[in-house]
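Chemist: Contents of protein-v7.cif (mmCIF, C-alpha atoms):
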data_target
#
loop_
_atom_site.label_atom_id
_atom_site.label_comp_id
_atom_site.auth_asym_id
_atom_site.auth_seq_id
_atom_site.Cartn_x
_atom_site.Cartn_y
_atom_site.Cartn_z
CA MET A 298 -21.49 -60.48 4.99
CA LYS A 299 -18.04 -59.55 6.27
CA MET A 300 -16.50 -61.33 3.32
CA THR A 301 -18.33 -59.13 0.78
CA ILE A 302 -17.19 -56.00 2.59
CA ILE A 303 -13.61 -57.20 2.46
CA LEU A 304 -14.00 -58.08 -1.20
CA LYS A 305 -15.42 -54.65 -1.91
CA LEU A 306 -12.54 -53.03 -0.07
CA VAL A 307 -9.99 -55.04 -2.03
CA PHE A 308 -11.79 -54.05 -5.22
CA LEU A 309 -11.74 -50.37 -4.24
CA ILE A 310 -8.04 -50.53 -3.46
CA ILE A 311 -7.30 -52.15 -6.81
CA MET A 312 -9.40 -49.45 -8.53
CA ALA A 313 -7.57 -46.68 -6.73
CA LYS A 314 -4.22 -48.19 -7.62
CA ASN A 315 -5.22 -48.95 -11.18
CA PRO A 316 -7.02 -46.11 -12.95
CA ALA A 317 -7.01 -48.09 -16.20
CA LEU A 318 -9.57 -50.39 -14.58
CA ALA A 319 -11.55 -47.43 -13.34
CA ASN A 320 -12.08 -45.95 -16.80
CA GLU A 321 -13.20 -49.32 -18.12
CA THR A 322 -15.74 -49.28 -15.30
CA ILE A 323 -17.02 -45.85 -16.21
CA LEU A 324 -17.49 -46.91 -19.81
CA LYS A 325 -19.46 -49.93 -18.55
CA ASP A 326 -21.58 -47.62 -16.38
CA PHE A 327 -22.38 -45.51 -19.43
CA GLU A 328 -23.19 -48.68 -21.35
CA ALA A 329 -25.66 -49.74 -18.67
CA LEU A 330 -27.20 -46.27 -18.69
CA ALA A 331 -27.50 -46.33 -22.48
CA LYS A 332 -29.15 -49.77 -22.41
CA SER A 333 -31.66 -48.74 -19.80
CA SER A 334 -32.67 -45.59 -21.64
CA ASP A 335 -32.61 -46.94 -25.21
CA ALA A 336 -33.79 -50.47 -25.95
CA LYS A 337 -32.11 -50.41 -29.38
CA PHE A 338 -28.68 -49.55 -28.00
CA ILE A 339 -25.98 -51.98 -29.11
CA LYS A 340 -22.57 -50.48 -28.39
CA PHE A 341 -20.56 -47.29 -28.39
CA ASN A 342 -19.01 -46.15 -31.61
CA ILE A 343 -15.36 -45.08 -31.66
CA SER A 344 -15.55 -43.20 -34.96
CA ALA A 345 -18.68 -41.32 -33.86
CA GLY A 346 -16.68 -40.35 -30.78
CA GLU A 347 -13.84 -39.04 -32.90
CA LYS A 348 -16.37 -37.05 -34.94
CA ILE A 349 -17.67 -35.36 -31.78
CA PHE A 350 -14.10 -34.48 -30.88
CA ARG A 351 -13.15 -33.13 -34.33
CA THR A 352 -16.31 -31.43 -35.60
CA GLU A 353 -15.97 -27.67 -35.76
CA ARG A 354 -19.02 -25.44 -35.58
CA ILE A 355 -19.79 -21.75 -35.39
CA HIS A 356 -21.04 -20.80 -31.93
CA SER A 357 -24.00 -18.40 -31.78
CA LYS A 358 -21.54 -15.87 -30.36
CA GLY A 359 -19.69 -16.03 -33.66
CA ASP A 360 -16.51 -17.94 -32.89
CA LYS A 361 -15.44 -21.19 -34.47
CA ILE A 362 -15.29 -23.82 -31.74
CA SER A 363 -14.75 -27.53 -31.17
CA CYS A 364 -13.42 -29.83 -28.48
CA MET A 365 -10.03 -29.32 -30.14
CA THR A 366 -10.10 -25.61 -29.30
CA CYS A 367 -9.00 -26.42 -25.76
CA HIS A 368 -7.90 -30.06 -25.96
CA THR A 369 -5.84 -29.53 -29.19
CA PRO A 370 -6.24 -31.79 -32.27
CA ASP A 371 -3.96 -34.35 -30.62
CA PRO A 372 -5.62 -35.91 -27.55
CA LYS A 373 -2.19 -36.93 -26.31
CA LYS A 374 -0.96 -33.34 -26.07
CA THR A 375 -1.53 -30.80 -23.30
CA GLY A 376 -4.19 -28.21 -24.10
CA LEU A 377 -4.93 -24.70 -22.94
CA THR A 378 -8.05 -23.11 -21.40
CA ARG A 379 -9.40 -19.73 -22.48
CA ALA A 380 -7.74 -18.26 -19.42
CA ASN A 381 -4.43 -19.78 -20.54
CA LYS A 382 -4.02 -22.59 -18.07
CA VAL A 383 -2.59 -25.95 -19.12
CA ILE A 384 -5.06 -28.82 -19.54
CA GLU A 385 -3.48 -32.21 -19.03
CA PRO A 386 -3.96 -34.56 -22.04
CA ILE A 387 -7.45 -36.00 -22.44
CA ALA A 388 -6.33 -39.43 -23.72
CA PRO A 389 -6.03 -42.03 -20.94
CA VAL A 390 -3.05 -43.65 -22.68
CA VAL A 391 -0.90 -40.70 -21.57
CA ASN A 392 -3.07 -39.51 -18.68
CA PRO A 393 -4.54 -42.50 -16.80
CA GLU A 394 -6.47 -40.19 -14.45
CA ARG A 395 -8.96 -39.46 -17.23
CA PHE A 396 -12.49 -40.89 -17.04
CA THR A 397 -11.94 -42.35 -13.59
CA ASP A 398 -14.37 -40.21 -11.61
CA MET A 399 -17.99 -40.23 -12.75
CA ILE A 400 -18.85 -36.94 -11.06
CA LYS A 401 -15.92 -35.17 -12.69
CA VAL A 402 -16.63 -36.71 -16.10
CA ASN A 403 -20.26 -35.60 -16.03
CA LYS A 404 -19.42 -32.16 -14.72
CA TRP A 405 -17.07 -31.45 -17.62
CA PHE A 406 -19.31 -33.04 -20.25
CA LYS A 407 -22.08 -30.73 -19.08
CA ARG A 408 -19.87 -27.64 -19.25
CA ASN A 409 -18.00 -28.43 -22.44
CA CYS A 410 -20.93 -29.75 -24.45
CA ASN A 411 -22.86 -26.61 -23.56
CA ASP A 412 -19.84 -24.54 -24.44
CA VAL A 413 -19.23 -26.15 -27.82
CA LEU A 414 -22.59 -27.58 -28.94
CA GLU A 415 -24.81 -25.21 -26.94
CA ARG A 416 -26.68 -28.23 -25.59
CA GLU A 417 -25.94 -31.16 -23.31
CA CYS A 418 -24.47 -34.35 -24.74
CA THR A 419 -26.51 -37.55 -24.78
CA ILE A 420 -25.43 -40.73 -23.02
CA GLN A 421 -24.64 -42.22 -26.44
CA GLU A 422 -22.40 -39.25 -27.30
CA LYS A 423 -20.60 -39.35 -23.97
CA GLY A 424 -19.96 -43.08 -24.34
CA ASP A 425 -18.79 -42.66 -27.95
CA PHE A 426 -16.41 -39.90 -26.88
CA ILE A 427 -14.91 -41.93 -24.03
CA ALA A 428 -14.66 -45.03 -26.24
CA TYR A 429 -12.74 -42.99 -28.82
CA MET A 430 -10.40 -41.49 -26.21
CA MET A 431 -9.68 -44.94 -24.79
CA SER A 432 -8.90 -46.22 -28.29
CA VAL A 433 -6.22 -43.55 -28.84
CA LYS A 434 -2.87 -45.31 -28.60
CA MET B 286 39.83 -16.41 10.13
CA SER B 287 37.16 -17.57 12.60
CA TYR B 288 37.81 -14.71 15.05
CA LEU B 289 36.24 -12.42 12.44
CA LYS B 290 33.19 -14.61 11.84
CA TRP B 291 31.37 -14.12 15.15
CA PRO B 292 31.40 -10.31 15.41
CA VAL B 293 30.29 -10.12 11.77
CA LEU B 294 27.48 -12.55 12.43
CA ILE B 295 26.34 -10.69 15.53
CA LEU B 296 26.45 -7.40 13.68
CA ALA B 297 24.42 -8.86 10.82
CA ILE B 298 21.81 -10.27 13.19
CA SER B 299 21.45 -7.00 15.03
CA ILE B 300 21.07 -5.04 11.79
CA LEU B 301 18.40 -7.47 10.68
CA SER B 302 16.49 -7.22 13.91
CA ILE B 303 16.69 -3.43 13.95
CA ASN B 304 15.23 -3.56 10.50
CA THR B 305 12.29 -5.69 11.55
CA LEU B 306 11.76 -3.54 14.65
CA TRP B 307 11.71 -0.23 12.90
CA GLY B 308 11.43 -1.15 9.23
CA ASP B 309 7.73 -0.98 8.41
CA ASP B 310 6.62 0.17 11.80
CA ASP B 311 3.39 1.99 10.92
CA GLU B 312 1.92 -0.79 8.93
CA GLU B 313 2.87 -3.54 11.34
CA GLU B 314 1.25 -1.69 14.20
CA GLN B 315 -1.87 -0.97 12.22
CA TYR B 316 -2.36 -4.62 11.46
CA GLU B 317 -1.70 -5.72 14.98
CA ASN B 318 -4.40 -3.40 16.21
CA ARG B 319 -6.83 -4.74 13.78
CA SER B 320 -6.15 -8.24 14.89
CA LYS B 321 -6.83 -7.21 18.48
CA ASN B 322 -10.37 -6.23 17.66
CA GLY B 323 -10.85 -9.62 16.09
CA THR B 324 -11.23 -8.80 12.41
CA VAL B 325 -7.94 -10.30 11.32
CA THR B 326 -7.81 -14.06 11.35
CA LYS B 327 -4.55 -14.52 9.49
CA LEU B 328 -1.95 -12.16 8.22
CA ASN B 329 1.27 -12.86 6.46
CA THR B 330 3.25 -9.64 6.48
CA ARG B 331 5.85 -11.06 4.16
CA TYR B 332 3.24 -11.25 1.39
CA ASP B 333 0.67 -8.90 -0.03
CA PHE B 334 -2.36 -11.07 0.66
CA ALA B 335 -3.12 -13.74 3.24
CA VAL B 336 -2.30 -17.12 1.73
CA VAL B 337 -5.25 -19.35 2.55
CA THR B 338 -6.59 -22.39 0.80
CA ASN B 339 -9.44 -24.86 0.79
CA SER B 340 -9.55 -28.24 -0.93
CA GLN B 341 -12.90 -27.70 -2.68
CA PHE B 342 -11.79 -24.31 -3.89
CA LYS B 343 -8.59 -25.82 -5.22
CA ALA B 344 -10.42 -28.61 -6.98
CA GLU B 345 -13.13 -26.45 -8.56
CA CYS B 346 -11.64 -23.01 -9.08
CA THR B 347 -8.17 -23.71 -10.43
CA SER B 348 -8.81 -25.96 -13.43
CA CYS B 349 -9.34 -23.06 -15.84
CA HIS B 350 -7.02 -20.48 -14.32
CA MET B 351 -4.70 -19.69 -11.40
CA ALA B 352 -5.92 -19.73 -7.81
CA TYR B 353 -7.03 -16.15 -7.13
CA LEU B 354 -6.75 -15.31 -3.45
CA PRO B 355 -9.95 -14.58 -1.48
CA GLY B 356 -8.32 -11.42 -0.10
CA MET B 357 -8.29 -9.83 -3.55
CA LEU B 358 -12.00 -8.99 -3.52
CA PRO B 359 -14.66 -8.02 -0.96
CA ALA B 360 -17.30 -10.51 0.19
CA ARG B 361 -20.10 -9.09 -1.96
CA SER B 362 -18.02 -9.74 -5.10
CA TRP B 363 -17.49 -13.39 -4.21
CA THR B 364 -21.14 -13.90 -3.32
CA LYS B 365 -22.24 -12.49 -6.65
CA MET B 366 -19.65 -14.49 -8.57
CA MET B 367 -20.66 -17.71 -6.86
CA ASP B 368 -24.32 -17.00 -7.65
CA THR B 369 -23.62 -16.49 -11.33
CA LEU B 370 -21.35 -19.45 -12.10
CA ASN B 371 -23.65 -20.57 -14.91
CA ASP B 372 -22.29 -17.60 -16.86
CA HIS B 373 -18.81 -17.07 -15.46
CA PHE B 374 -17.05 -14.70 -17.88
CA GLY B 375 -18.77 -16.48 -20.75
CA GLU B 376 -18.13 -19.99 -19.44
CA ASN B 377 -20.20 -22.43 -17.48
CA ALA B 378 -18.54 -23.11 -14.12
CA GLU B 379 -21.64 -24.36 -12.29
CA LEU B 380 -21.30 -26.42 -9.12
CA ASP B 381 -23.67 -28.44 -7.01
CA VAL B 382 -25.16 -26.54 -4.06
CA LYS B 383 -23.11 -28.16 -1.31
CA VAL B 384 -19.76 -27.49 -2.96
CA LYS B 385 -20.86 -24.02 -4.00
CA ASN B 386 -21.79 -23.13 -0.42
CA GLU B 387 -18.52 -24.40 0.99
CA ILE B 388 -16.48 -22.38 -1.49
CA THR B 389 -18.61 -19.26 -1.00
CA ASP B 390 -18.08 -19.60 2.73
CA PHE B 391 -14.32 -19.92 2.30
CA LEU B 392 -14.10 -16.96 -0.08
CA THR B 393 -16.29 -14.58 1.90
CA LYS B 394 -14.69 -15.41 5.27
CA ASN B 395 -11.28 -14.55 3.84
CA SER B 396 -12.39 -11.66 1.64
CA SER B 397 -10.66 -8.27 1.68
CA ASP B 398 -13.31 -6.66 3.87
CA LYS B 399 -13.06 -9.46 6.46
CA VAL B 400 -9.35 -10.18 6.61
CA HIS B 401 -7.39 -7.00 6.16
CA THR B 402 -4.08 -7.20 4.35
CA LYS B 403 -1.73 -4.62 2.94
CA ARG B 404 -2.66 -5.06 -0.71
CA GLY B 405 -6.25 -6.14 -0.15
CA ASP B 406 -6.94 -2.84 1.63
CA LYS B 407 -5.41 -0.86 -1.21
CA ILE B 408 -7.52 -2.59 -3.84
CA LEU B 409 -10.63 -2.23 -1.70
CA ALA B 410 -10.01 1.50 -1.32
CA THR B 411 -10.39 1.96 -5.09
CA ILE B 412 -13.66 0.04 -5.37
CA ASN B 413 -16.85 2.09 -5.29
CA PRO B 414 -18.80 0.77 -2.26
CA LYS B 415 -21.98 0.86 -4.33
CA GLU B 416 -20.51 -1.37 -7.00
CA THR B 417 -19.92 -5.10 -7.05
CA VAL B 418 -16.91 -5.78 -9.24
CA LEU B 419 -16.17 -9.31 -10.37
CA ARG B 420 -12.69 -8.72 -11.71
CA ILE B 421 -9.60 -7.74 -9.76
CA SER B 422 -8.24 -6.70 -13.15
CA SER B 423 -10.99 -4.11 -13.61
CA THR B 424 -10.34 -2.24 -10.35
CA GLU B 425 -8.80 1.23 -10.40
CA TYR B 426 -5.94 -0.04 -8.26
CA PHE B 427 -5.09 -2.68 -10.82
CA LYS B 428 -5.27 -0.18 -13.67
CA ARG B 429 -3.04 2.28 -11.85
CA LYS B 430 -0.39 -0.32 -11.10
CA HIS B 431 -0.41 -1.56 -14.70
CA ASP B 432 -0.77 1.72 -16.59
CA GLU B 433 2.56 1.19 -18.34
CA ILE B 434 1.52 -2.09 -19.90
CA SER B 435 0.03 -1.66 -23.37
CA PRO B 436 -2.98 -3.78 -24.39
CA ASN B 437 -0.82 -5.53 -27.00
CA ILE B 438 1.36 -7.05 -24.32
CA TYR B 439 -1.63 -8.79 -22.74
CA LYS B 440 -2.46 -10.27 -26.15
CA ARG B 441 0.81 -12.18 -26.20
CA LYS B 442 0.21 -15.89 -26.47
CA SER B 443 2.09 -16.49 -23.26
CA ILE B 444 -0.17 -14.09 -21.33
CA GLY B 445 -3.64 -13.92 -22.90
CA SER B 446 -5.31 -11.32 -20.69
CA PRO B 447 -4.78 -9.07 -17.66
CA ALA B 448 -6.53 -11.75 -15.57
CA ASN B 449 -3.54 -14.05 -15.98
CA CYS B 450 -1.57 -12.61 -13.04
CA LEU B 451 0.59 -15.73 -12.87
CA ALA B 452 2.10 -15.11 -16.31
CA CYS B 453 3.96 -12.04 -15.01
CA HIS B 454 3.90 -12.51 -11.23
CA GLY B 455 5.41 -15.95 -10.67
CA GLY B 456 4.47 -15.82 -6.98
CA ALA B 457 0.84 -14.78 -7.57
CA GLU B 458 -0.69 -17.88 -6.02
CA ARG B 459 1.51 -17.39 -2.97
CA GLY B 460 0.28 -13.81 -2.68
CA ASP B 461 3.62 -12.41 -3.79
CA PHE B 462 3.29 -9.42 -6.13
CA SER B 463 6.53 -7.69 -5.14
CA GLU B 464 8.09 -5.54 -7.83
CA ASP B 465 11.33 -7.50 -7.93
CA SER B 466 9.58 -10.72 -8.86
CA VAL B 467 7.68 -9.32 -11.87
CA LEU B 468 8.71 -10.69 -15.24
CA ILE B 469 6.74 -10.01 -18.41
CA PRO B 470 7.15 -13.09 -20.63
CA LYS B 471 8.28 -12.62 -24.24
CA ASP B 472 6.02 -13.71 -27.05
CA LYS B 473 6.81 -17.27 -27.94
CA THR B 474 5.05 -20.53 -27.48
CA PRO B 475 4.22 -20.52 -23.77
CA THR B 476 6.82 -22.54 -21.90
CA ILE B 477 4.04 -24.67 -20.47
CA MET B 478 3.04 -25.78 -23.98
CA LYS B 479 6.47 -27.11 -24.89
CA LYS B 480 6.07 -30.26 -22.84
#
Take the structure from the file and write it as structure tokens.
Modeler:
Amino acid sequence: MKMTIILKLVFLIIMAKNPALANETILKDFEALAKSSDAKFIKFNISAGEKIFRTERIHSKGDKISCMTCHTPDPKKTGLTRANKVIEPIAPVVNPERFTDMIKVNKWFKRNCNDVLERECTIQEKGDFIAYMMSVK
Amino acid sequence: MSYLKWPVLILAISILSINTLWGDDDEEEQYENRSKNGTVTKLNTRYDFAVVTNSQFKAECTSCHMAYLPGMLPARSWTKMMDTLNDHFGENAELDVKVKNEITDFLTKNSSDKVHTKRGDKILATINPKETVLRISSTEYFKRKHDEISPNIYKRKSIGSPANCLACHGGAERGDFSEDSVLIPKDKTPTIMKK
């Protein structure tokens, strides 16, 4: 009993010290979610993730918009919000803090997918997007 | 050499203290009185607004823009803003209820009609009591203070809109809007983008 608590603590400390591990974990969590909601799910698709990132569409308000509007076409570069504030790079290779906090990840997927696609993203899409971002070297 | 130093120092100190004693007398007294009847919880006379912060506010309200200070708007404005985060100036800034309530509490407790400050009072005085404004940048006070800035200047890439106080007032998040620290950036790639 005590041993498992200690093990868990050690694990948590390693996670906190090593965000790279934490974003692997989040991807695994999405994988588990995808499996439980779709029996045919096999794995996340990096190129589908890149497509989500790069596809431009016309918003019903009339503006052309995509994920690149704020995150720039290069995931390794700093972006800019509509109110002109810097967004740290979205690719974990240069910003290891990315995709390390499930609540934060879901909060921004909800906002940004609604903002760009005018709907929420599916678990598959979220996983594809993260898989793509983690593949950026 | 050193025999000159002390009298000069003493003179300087006494000039400084005379200045703080009689400098802005009216205002200082006014604010002290207010604090006696309990409405002022914190006042930083050096700055225009009280500089207060809250970790949830910092985490949730500063990712898209600068940290606006609670003392810039009255409580009813914050309450309305926090109740309409699903459409926050065209963006979705929704929060879960617990976080939302904590931030609303922080903003309203430190709002311009609860904690009186020099600049907060002046802005408040130009807001119609029957109206609930959501923008500091749409108040009469703001317009009056910025009437020399043409709309084209705000469109500069390095500024974007009147809401971006920080672009011109480097001390905005510290509540410092003093005239001598204003600097309108030239149009170039914003310095922050160069990185």
Chemist: Could you give me, as a ChimeraX atom specification, the residues within 8 Å of segment 340-342 of chain A, counting all atoms listed in the file and dropping anything in the same chain fewer than 2 positions from it?
Modeler: /A:328,338,344-346,421,424-425,428-429
Chemist: What is the atom CA of Asn395 of chain B-atom CA of Ala360 of chain B distance in Å, reported with one decimal?
Modeler: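 Between atom CA of Asn395 of chain B and atom CA of Ala360 of chain B the gap is 8.1 Å.
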Chemist: Quick check: residues of chain A within 12 Å of chain B, all atoms listed in the file, returned as a ChimeraX atom specification.
Modeler: /A:358,367-369,373-386,400-401,403-413,415-417
Chemist: Taking the file as shown, find all residues satisfying the PyMOL selection byres ((chain B and resi 415-424) around 9) and write them as a count of residues only.
Modeler: 22
Chemist: On this file, the PyMOL selection byres ((chain A and resi 393) around 10) gives some set of residues; write that set as a list in words.
Modeler: Asn315, Pro316, Ala317, Leu318, Ala319, Asn320, Pro386, Ile387, Ala388, Pro389, Val390, Val391, Asn392, Glu394, Arg395, Phe396, Thr397 and Met431 of chain A
Chemist: So the first atom is atom CA of Phe350 of chain A and the second is atom CA of Phe426 of chain A; what is the distance between them in Å, to one decimal place?
Modeler: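 It comes out at 7.1 Å.
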Chemist: Quick one, how far is atom CA of Val336 of chain B from atom CA of Asp461 of chain B?
Modeler: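 For atom CA of Val336 of chain B relative to atom CA of Asp461 of chain B, the distance reads 9.4 Å.
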Chemist: I need the residue set behind the PyMOL selection byres ((chain B and resi 387) around 12) for this file; please write it as a list in words.
Modeler: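 With the PyMOL selection byres ((chain B and resi 387) around 12) on this model, the match is Asn339, Ser340, Gln341, Phe342, Lys343, Glu345, Thr364, Met367, Leu380, Asp381, Val382, Lys383, Val384, Lys385, Asn386, Ile388, Thr389, Asp390, Phe391, Leu392, Thr393 and Lys394 of chain B.
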Chemist: Looking at B:Lys403, B:Asp333, B:Leu354, B:Pro470, which one is nearest to Glu458 of chain B, with distances taken over only C-alpha atoms?
Modeler: B:Leu354
Chemist: Can you pull out the residues contacting Ser363 of chain A? Cut-off 9 Å, using all atoms listed in the file, and skip same-chain residues under 6 positions away; I want them as a list in words.
Modeler: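 Final neighbour list, sorted by chain and number: Ile349, Phe350, Arg351, Thr352, Glu353, Arg354, Ile355, Asp412, Val413 and Leu414 of chain A.
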